[in-house]
$ cat final_4.txt   # compact mmCIF, N, CA and C atoms
# COMPACT_ATOMS: atom_id res chain seq x y z
N MET A 1 -48.71 -17.11 -12.93
CA MET A 1 -49.69 -16.14 -13.34
C MET A 1 -51.11 -16.67 -13.07
N ALA A 2 -51.31 -17.95 -13.34
CA ALA A 2 -52.64 -18.54 -13.13
C ALA A 2 -53.06 -18.44 -11.67
N GLN A 3 -52.10 -18.63 -10.76
CA GLN A 3 -52.41 -18.51 -9.32
C GLN A 3 -52.83 -17.08 -8.97
N LEU A 4 -52.16 -16.11 -9.54
CA LEU A 4 -52.51 -14.72 -9.28
C LEU A 4 -53.90 -14.39 -9.82
N LEU A 5 -54.19 -14.88 -11.01
CA LEU A 5 -55.52 -14.63 -11.58
C LEU A 5 -56.61 -15.32 -10.77
N ASN A 6 -56.33 -16.52 -10.28
CA ASN A 6 -57.30 -17.20 -9.42
C ASN A 6 -57.54 -16.41 -8.14
N ARG A 7 -56.48 -15.89 -7.55
CA ARG A 7 -56.63 -15.10 -6.32
C ARG A 7 -57.39 -13.80 -6.59
N LEU A 8 -57.13 -13.19 -7.73
CA LEU A 8 -57.87 -11.98 -8.10
C LEU A 8 -59.35 -12.30 -8.25
N GLN A 9 -59.67 -13.42 -8.90
CA GLN A 9 -61.07 -13.81 -9.08
C GLN A 9 -61.72 -14.08 -7.72
N GLU A 10 -61.00 -14.74 -6.82
CA GLU A 10 -61.52 -15.00 -5.47
C GLU A 10 -61.80 -13.68 -4.75
N ALA A 11 -60.88 -12.73 -4.88
CA ALA A 11 -61.06 -11.43 -4.22
C ALA A 11 -62.28 -10.70 -4.79
N VAL A 12 -62.48 -10.77 -6.09
CA VAL A 12 -63.64 -10.12 -6.71
C VAL A 12 -64.92 -10.81 -6.24
N ASP A 13 -64.90 -12.15 -6.16
CA ASP A 13 -66.08 -12.87 -5.67
C ASP A 13 -66.41 -12.48 -4.23
N GLU A 14 -65.38 -12.38 -3.39
CA GLU A 14 -65.57 -11.96 -2.00
C GLU A 14 -66.14 -10.53 -1.94
N LEU A 15 -65.62 -9.67 -2.80
CA LEU A 15 -66.09 -8.29 -2.84
C LEU A 15 -67.56 -8.22 -3.26
N ARG A 16 -67.96 -9.06 -4.20
CA ARG A 16 -69.37 -9.11 -4.60
C ARG A 16 -70.25 -9.54 -3.42
N GLN A 17 -69.80 -10.55 -2.68
CA GLN A 17 -70.57 -11.01 -1.52
C GLN A 17 -70.65 -9.93 -0.46
N MET A 18 -69.55 -9.26 -0.21
CA MET A 18 -69.55 -8.17 0.77
C MET A 18 -70.46 -7.04 0.33
N SER A 19 -70.43 -6.72 -0.94
CA SER A 19 -71.27 -5.65 -1.46
C SER A 19 -72.75 -5.97 -1.25
N ALA A 20 -73.12 -7.21 -1.50
CA ALA A 20 -74.52 -7.62 -1.28
C ALA A 20 -74.87 -7.53 0.21
N ALA A 21 -73.96 -7.97 1.07
CA ALA A 21 -74.21 -7.90 2.51
C ALA A 21 -74.31 -6.45 2.97
N TYR A 22 -73.46 -5.59 2.43
CA TYR A 22 -73.51 -4.16 2.79
C TYR A 22 -74.83 -3.55 2.35
N ASP A 23 -75.26 -3.90 1.13
CA ASP A 23 -76.54 -3.37 0.65
C ASP A 23 -77.66 -3.77 1.59
N ASP A 24 -77.66 -5.03 2.00
CA ASP A 24 -78.69 -5.51 2.93
C ASP A 24 -78.61 -4.76 4.26
N ALA A 25 -77.39 -4.60 4.77
CA ALA A 25 -77.21 -3.95 6.07
C ALA A 25 -77.59 -2.47 6.02
N MET A 26 -77.26 -1.80 4.93
CA MET A 26 -77.53 -0.37 4.85
C MET A 26 -79.01 -0.08 4.67
N THR A 27 -79.76 -1.03 4.14
CA THR A 27 -81.19 -0.80 3.95
C THR A 27 -82.03 -1.42 5.06
N ALA A 28 -81.40 -2.12 5.99
CA ALA A 28 -82.13 -2.72 7.10
C ALA A 28 -82.63 -1.64 8.05
N ARG A 29 -83.69 -1.95 8.79
CA ARG A 29 -84.26 -0.97 9.71
C ARG A 29 -83.31 -0.62 10.84
N GLY A 30 -82.44 -1.48 11.18
CA GLY A 30 -81.50 -1.22 12.27
C GLY A 30 -81.34 -2.43 13.15
N ARG A 31 -80.33 -2.38 13.96
CA ARG A 31 -80.07 -3.48 14.88
C ARG A 31 -80.93 -3.33 16.12
N ARG A 32 -81.20 -4.44 16.77
CA ARG A 32 -81.92 -4.41 18.03
C ARG A 32 -81.01 -3.83 19.10
N PRO A 33 -81.47 -2.88 19.87
CA PRO A 33 -80.61 -2.31 20.91
C PRO A 33 -80.17 -3.40 21.88
N THR A 34 -78.94 -3.30 22.32
CA THR A 34 -78.42 -4.28 23.27
C THR A 34 -78.43 -3.69 24.66
N ALA A 35 -78.17 -4.54 25.62
CA ALA A 35 -78.10 -4.07 27.01
C ALA A 35 -77.05 -2.97 27.10
N GLY A 36 -77.33 -1.96 27.80
CA GLY A 36 -76.40 -0.84 27.93
C GLY A 36 -76.83 0.33 27.07
N GLN A 37 -77.40 0.06 25.90
CA GLN A 37 -77.86 1.17 25.08
C GLN A 37 -79.11 1.79 25.68
N GLY A 38 -79.87 1.01 26.44
CA GLY A 38 -81.09 1.53 27.04
C GLY A 38 -80.86 2.14 28.40
N GLY A 39 -79.69 2.00 28.93
CA GLY A 39 -79.37 2.61 30.22
C GLY A 39 -79.13 1.58 31.30
N ALA A 40 -80.14 0.82 31.70
CA ALA A 40 -79.99 -0.16 32.77
C ALA A 40 -79.32 -1.42 32.24
N GLY A 41 -79.26 -2.46 33.06
CA GLY A 41 -78.53 -3.67 32.70
C GLY A 41 -79.22 -4.59 31.73
N GLY A 42 -80.54 -4.73 31.71
CA GLY A 42 -81.23 -5.70 30.86
C GLY A 42 -81.41 -5.20 29.45
N SER A 43 -82.09 -6.03 28.64
CA SER A 43 -82.33 -5.59 27.27
C SER A 43 -83.41 -4.51 27.28
N VAL A 44 -83.41 -3.70 26.26
CA VAL A 44 -84.31 -2.56 26.17
C VAL A 44 -85.71 -3.08 25.86
N LYS A 45 -86.71 -2.63 26.62
CA LYS A 45 -88.09 -3.07 26.43
C LYS A 45 -88.88 -2.12 25.55
N SER A 46 -88.54 -0.85 25.55
CA SER A 46 -89.28 0.12 24.75
C SER A 46 -88.34 0.78 23.76
N GLY A 47 -88.91 1.20 22.63
CA GLY A 47 -88.10 1.82 21.58
C GLY A 47 -87.69 3.23 21.94
N PRO A 48 -86.70 3.75 21.26
CA PRO A 48 -86.26 5.14 21.50
C PRO A 48 -87.32 6.11 21.02
N SER A 49 -87.26 7.31 21.52
CA SER A 49 -88.27 8.30 21.15
C SER A 49 -88.10 8.77 19.71
N ARG A 50 -86.89 8.68 19.17
CA ARG A 50 -86.64 9.09 17.78
C ARG A 50 -85.90 7.96 17.06
N PRO A 51 -86.60 6.90 16.67
CA PRO A 51 -85.93 5.72 16.12
C PRO A 51 -85.18 5.99 14.82
N THR A 52 -85.67 6.87 13.97
CA THR A 52 -85.00 7.12 12.70
C THR A 52 -83.61 7.70 12.93
N GLU A 53 -83.50 8.65 13.86
CA GLU A 53 -82.19 9.22 14.18
C GLU A 53 -81.28 8.17 14.78
N ASP A 54 -81.82 7.36 15.69
CA ASP A 54 -80.99 6.34 16.32
C ASP A 54 -80.47 5.34 15.30
N ILE A 55 -81.29 5.00 14.31
CA ILE A 55 -80.84 4.08 13.27
C ILE A 55 -79.79 4.74 12.40
N ALA A 56 -80.05 5.96 11.98
CA ALA A 56 -79.12 6.66 11.09
C ALA A 56 -77.79 6.98 11.77
N LEU A 57 -77.85 7.26 13.07
CA LEU A 57 -76.63 7.65 13.79
C LEU A 57 -75.97 6.47 14.49
N ASP A 58 -76.45 5.26 14.25
CA ASP A 58 -75.87 4.06 14.85
C ASP A 58 -74.40 3.98 14.44
N PRO A 59 -73.47 3.91 15.40
CA PRO A 59 -72.04 3.86 15.06
C PRO A 59 -71.68 2.68 14.15
N ALA A 60 -72.34 1.54 14.34
CA ALA A 60 -72.04 0.38 13.49
C ALA A 60 -72.47 0.66 12.05
N ARG A 61 -73.62 1.32 11.86
CA ARG A 61 -74.08 1.66 10.51
C ARG A 61 -73.14 2.70 9.89
N GLN A 62 -72.70 3.65 10.69
CA GLN A 62 -71.77 4.66 10.17
C GLN A 62 -70.44 4.02 9.77
N ALA A 63 -69.98 3.03 10.53
CA ALA A 63 -68.75 2.32 10.17
C ALA A 63 -68.93 1.57 8.86
N LEU A 64 -70.09 0.93 8.67
CA LEU A 64 -70.37 0.25 7.40
C LEU A 64 -70.34 1.25 6.25
N SER A 65 -70.99 2.36 6.44
CA SER A 65 -71.05 3.38 5.40
C SER A 65 -69.66 3.89 5.05
N LYS A 66 -68.83 4.11 6.06
CA LYS A 66 -67.47 4.60 5.83
C LYS A 66 -66.66 3.59 5.03
N GLU A 67 -66.73 2.33 5.40
CA GLU A 67 -65.96 1.30 4.68
C GLU A 67 -66.48 1.12 3.26
N LEU A 68 -67.77 1.25 3.07
CA LEU A 68 -68.35 1.17 1.73
C LEU A 68 -67.82 2.31 0.86
N GLN A 69 -67.74 3.50 1.42
CA GLN A 69 -67.22 4.64 0.67
C GLN A 69 -65.74 4.47 0.35
N ILE A 70 -64.97 3.95 1.29
CA ILE A 70 -63.54 3.71 1.04
C ILE A 70 -63.38 2.71 -0.11
N GLY A 71 -64.19 1.64 -0.06
CA GLY A 71 -64.13 0.66 -1.14
C GLY A 71 -64.47 1.28 -2.48
N ALA A 72 -65.52 2.09 -2.51
CA ALA A 72 -65.92 2.75 -3.75
C ALA A 72 -64.84 3.70 -4.25
N ASP A 73 -64.11 4.31 -3.32
CA ASP A 73 -63.03 5.23 -3.71
C ASP A 73 -61.84 4.49 -4.33
N TYR A 74 -61.54 3.29 -3.83
CA TYR A 74 -60.37 2.55 -4.30
C TYR A 74 -60.64 1.66 -5.51
N LEU A 75 -61.87 1.25 -5.73
CA LEU A 75 -62.17 0.34 -6.84
C LEU A 75 -61.80 0.90 -8.22
N PRO A 76 -62.05 2.17 -8.52
CA PRO A 76 -61.63 2.66 -9.85
C PRO A 76 -60.13 2.52 -10.09
N ALA A 77 -59.31 2.73 -9.06
CA ALA A 77 -57.86 2.57 -9.21
C ALA A 77 -57.51 1.11 -9.46
N ALA A 78 -58.18 0.21 -8.74
CA ALA A 78 -57.92 -1.22 -8.93
C ALA A 78 -58.29 -1.64 -10.35
N ILE A 79 -59.41 -1.15 -10.82
CA ILE A 79 -59.84 -1.46 -12.19
C ILE A 79 -58.82 -0.92 -13.19
N ALA A 80 -58.36 0.31 -12.96
CA ALA A 80 -57.38 0.92 -13.87
C ALA A 80 -56.10 0.11 -13.92
N TYR A 81 -55.64 -0.41 -12.78
CA TYR A 81 -54.44 -1.24 -12.77
C TYR A 81 -54.64 -2.49 -13.61
N VAL A 82 -55.76 -3.16 -13.43
CA VAL A 82 -56.02 -4.40 -14.17
C VAL A 82 -56.14 -4.11 -15.66
N VAL A 83 -56.85 -3.05 -16.02
CA VAL A 83 -56.98 -2.68 -17.44
C VAL A 83 -55.61 -2.32 -18.01
N GLY A 84 -54.79 -1.62 -17.25
CA GLY A 84 -53.45 -1.25 -17.71
C GLY A 84 -52.56 -2.45 -17.93
N VAL A 85 -52.61 -3.40 -17.01
CA VAL A 85 -51.82 -4.63 -17.16
C VAL A 85 -52.27 -5.39 -18.39
N THR A 86 -53.58 -5.49 -18.58
CA THR A 86 -54.11 -6.19 -19.75
C THR A 86 -53.67 -5.52 -21.04
N ALA A 87 -53.73 -4.20 -21.09
CA ALA A 87 -53.32 -3.46 -22.29
C ALA A 87 -51.82 -3.65 -22.56
N SER A 88 -51.01 -3.60 -21.51
CA SER A 88 -49.57 -3.78 -21.69
C SER A 88 -49.25 -5.18 -22.21
N MET A 89 -49.93 -6.17 -21.63
CA MET A 89 -49.70 -7.54 -22.09
C MET A 89 -50.17 -7.71 -23.53
N ASP A 90 -51.27 -7.08 -23.88
CA ASP A 90 -51.79 -7.17 -25.25
C ASP A 90 -50.81 -6.54 -26.23
N ARG A 91 -50.25 -5.37 -25.88
CA ARG A 91 -49.26 -4.72 -26.75
C ARG A 91 -48.04 -5.60 -26.93
N ALA A 92 -47.55 -6.18 -25.84
CA ALA A 92 -46.36 -7.04 -25.93
C ALA A 92 -46.65 -8.26 -26.79
N LEU A 93 -47.82 -8.83 -26.64
CA LEU A 93 -48.18 -9.99 -27.45
C LEU A 93 -48.29 -9.59 -28.92
N SER A 94 -48.85 -8.44 -29.21
CA SER A 94 -48.95 -7.97 -30.59
C SER A 94 -47.57 -7.79 -31.20
N ARG A 95 -46.63 -7.20 -30.44
CA ARG A 95 -45.25 -7.04 -30.93
C ARG A 95 -44.62 -8.39 -31.19
N TRP A 96 -44.83 -9.33 -30.29
CA TRP A 96 -44.25 -10.66 -30.41
C TRP A 96 -44.79 -11.37 -31.66
N GLU A 97 -46.07 -11.14 -31.96
CA GLU A 97 -46.69 -11.75 -33.14
C GLU A 97 -46.32 -11.02 -34.43
N GLY A 98 -45.59 -9.89 -34.30
CA GLY A 98 -45.14 -9.16 -35.47
C GLY A 98 -46.09 -8.06 -35.90
N ASP A 99 -47.13 -7.81 -35.13
CA ASP A 99 -48.06 -6.73 -35.47
C ASP A 99 -47.45 -5.41 -35.05
N ASP A 100 -47.87 -4.35 -35.71
CA ASP A 100 -47.41 -3.02 -35.36
C ASP A 100 -48.16 -2.57 -34.11
N ALA A 101 -47.48 -2.52 -32.98
CA ALA A 101 -48.12 -2.15 -31.71
C ALA A 101 -48.26 -0.65 -31.55
N SER A 102 -47.64 0.14 -32.46
CA SER A 102 -47.72 1.59 -32.30
C SER A 102 -49.14 2.10 -32.52
N GLY A 103 -49.94 1.38 -33.29
CA GLY A 103 -51.32 1.78 -33.53
C GLY A 103 -52.30 1.08 -32.61
N PHE A 104 -51.80 0.58 -31.49
CA PHE A 104 -52.63 -0.18 -30.56
C PHE A 104 -53.80 0.67 -30.05
N VAL A 105 -54.98 0.10 -30.10
CA VAL A 105 -56.17 0.74 -29.56
C VAL A 105 -56.78 -0.23 -28.57
N PRO A 106 -56.94 0.17 -27.31
CA PRO A 106 -57.51 -0.73 -26.30
C PRO A 106 -58.88 -1.21 -26.71
N ARG A 107 -59.23 -2.40 -26.25
CA ARG A 107 -60.56 -2.95 -26.52
C ARG A 107 -61.62 -2.00 -25.98
N GLY A 108 -62.68 -1.85 -26.73
CA GLY A 108 -63.78 -1.00 -26.28
C GLY A 108 -63.64 0.45 -26.71
N VAL A 109 -62.50 0.79 -27.36
CA VAL A 109 -62.29 2.15 -27.83
C VAL A 109 -62.40 2.12 -29.35
N ALA A 110 -63.16 3.03 -29.92
CA ALA A 110 -63.31 3.07 -31.37
C ALA A 110 -61.96 3.31 -32.01
N SER A 111 -61.65 2.52 -33.03
CA SER A 111 -60.32 2.61 -33.65
C SER A 111 -60.11 3.94 -34.36
N ASP A 112 -61.19 4.62 -34.73
CA ASP A 112 -61.03 5.89 -35.43
C ASP A 112 -61.18 7.10 -34.51
N CYS A 113 -61.20 6.89 -33.19
CA CYS A 113 -61.43 8.01 -32.27
C CYS A 113 -60.32 9.05 -32.35
N HIS A 114 -59.07 8.59 -32.60
CA HIS A 114 -57.97 9.55 -32.69
C HIS A 114 -58.10 10.38 -33.97
N ASP A 115 -58.53 9.73 -35.05
CA ASP A 115 -58.73 10.45 -36.30
C ASP A 115 -59.84 11.47 -36.17
N ARG A 116 -60.94 11.09 -35.50
CA ARG A 116 -62.06 12.01 -35.31
C ARG A 116 -61.64 13.20 -34.44
N ALA A 117 -60.83 12.94 -33.43
CA ALA A 117 -60.39 14.01 -32.55
C ALA A 117 -59.53 15.00 -33.32
N ALA A 118 -58.67 14.49 -34.19
CA ALA A 118 -57.79 15.37 -34.98
C ALA A 118 -58.63 16.19 -35.96
N ALA A 119 -59.65 15.55 -36.55
CA ALA A 119 -60.49 16.25 -37.52
C ALA A 119 -61.33 17.32 -36.85
N ASP A 120 -61.72 17.09 -35.61
CA ASP A 120 -62.54 18.06 -34.89
C ASP A 120 -61.77 19.31 -34.49
N SER A 121 -60.45 19.19 -34.35
CA SER A 121 -59.68 20.35 -33.86
C SER A 121 -59.24 21.27 -34.96
$ encode --input "final_4.txt" --output "structure tokens"
Amino acid sequence: MAQLLNRLQEAVDELRQMSAAYDDAMTARGRRPTAGQGGAGGSVKSGPSRPTEDIALDPARQALSKELQIGADYLPAAIAYVVGVTASMDRALSRWEGDDASGFVPRGVASDCHDRAAADS
């Protein structure tokens, strides 16, 4: 289990680094045009006539944006899995210690929220 938790922590650390790099890349003015983007063989000497569009429509920037959105879409599910595993382990530990696990309330949730919900209805 310790190895799995270490790997999870490494993955989260890598994700934080990637997120910072993506933030930097998405706010950068754009990449320098390479040979071929300007038409002839050498590097481009003059800027495009509409630089904002060229930066926004840059395929590399669009790929970054797409991957960032995919990551943002999947992270809530990953968090839910980890929170669910933690809650299940906590319930099992409570049962093992002899506590009544039927009244289990996850951390961060008000213990009287179920009572308030019943009173409100």
$ atom_distance --input "final_4.txt" --atom1 "CA of Asn6 (chain A)" --atom2 "atom N of Thr86 (chain A)"
15.3 Å
$ residues_near_point --input "final_4.txt" --point "(-62.7, -6.8, -11.4)" --cutoff "7 Å" --atoms "all atoms listed in the file" --output "list in words"
Val12, Ala78 and Ile79 of chain A
$ atom_distance --input "final_4.txt" --atom1 "atom C of Tyr22 (chain A)" --atom2 "atom C of Ala77 (chain A)"
21.5 Å
$ atom_distance --input "final_4.txt" --atom1 "atom C of Ala25 (chain A)" --atom2 "CA of Gln69 (chain A)"
13.7 Å
$ decode --input "final_4.txt" --residues "region 84-100 of chain A" --atoms "N, CA and C atoms" --output "compact mmCIF listing (two decimals), in the first residue's frame"
# COMPACT_ATOMS: atom_id res chain seq x y z
N GLY A 84 -13.47 8.14 -2.12
CA GLY A 84 -14.25 6.93 -1.87
C GLY A 84 -13.45 5.83 -1.21
N VAL A 85 -12.23 5.63 -1.67
CA VAL A 85 -11.36 4.62 -1.06
C VAL A 85 -11.07 4.99 0.39
N THR A 86 -10.79 6.27 0.62
CA THR A 86 -10.50 6.73 1.99
C THR A 86 -11.71 6.51 2.89
N ALA A 87 -12.89 6.85 2.41
CA ALA A 87 -14.11 6.67 3.20
C ALA A 87 -14.36 5.18 3.50
N SER A 88 -14.17 4.33 2.51
CA SER A 88 -14.38 2.90 2.71
C SER A 88 -13.40 2.35 3.74
N MET A 89 -12.15 2.77 3.62
CA MET A 89 -11.14 2.30 4.58
C MET A 89 -11.46 2.82 5.98
N ASP A 90 -11.93 4.05 6.08
CA ASP A 90 -12.28 4.63 7.37
C ASP A 90 -13.44 3.86 8.00
N ARG A 91 -14.46 3.53 7.20
CA ARG A 91 -15.60 2.75 7.72
C ARG A 91 -15.14 1.39 8.22
N ALA A 92 -14.29 0.72 7.44
CA ALA A 92 -13.81 -0.60 7.84
C ALA A 92 -12.99 -0.51 9.13
N LEU A 93 -12.18 0.51 9.24
CA LEU A 93 -11.39 0.69 10.45
C LEU A 93 -12.30 0.97 11.64
N SER A 94 -13.33 1.77 11.45
CA SER A 94 -14.28 2.05 12.53
C SER A 94 -14.96 0.77 12.99
N ARG A 95 -15.38 -0.07 12.04
CA ARG A 95 -16.01 -1.36 12.40
C ARG A 95 -15.03 -2.23 13.17
N TRP A 96 -13.80 -2.27 12.72
CA TRP A 96 -12.77 -3.09 13.36
C TRP A 96 -12.52 -2.62 14.80
N GLU A 97 -12.58 -1.30 15.01
CA GLU A 97 -12.37 -0.75 16.34
C GLU A 97 -13.61 -0.87 17.22
N GLY A 98 -14.72 -1.37 16.64
CA GLY A 98 -15.93 -1.58 17.41
C GLY A 98 -16.88 -0.41 17.38
N ASP A 99 -16.58 0.61 16.60
CA ASP A 99 -17.49 1.75 16.49
C ASP A 99 -18.63 1.40 15.57
N ASP A 100 -19.75 2.06 15.76
CA ASP A 100 -20.90 1.85 14.89
C ASP A 100 -20.65 2.59 13.59
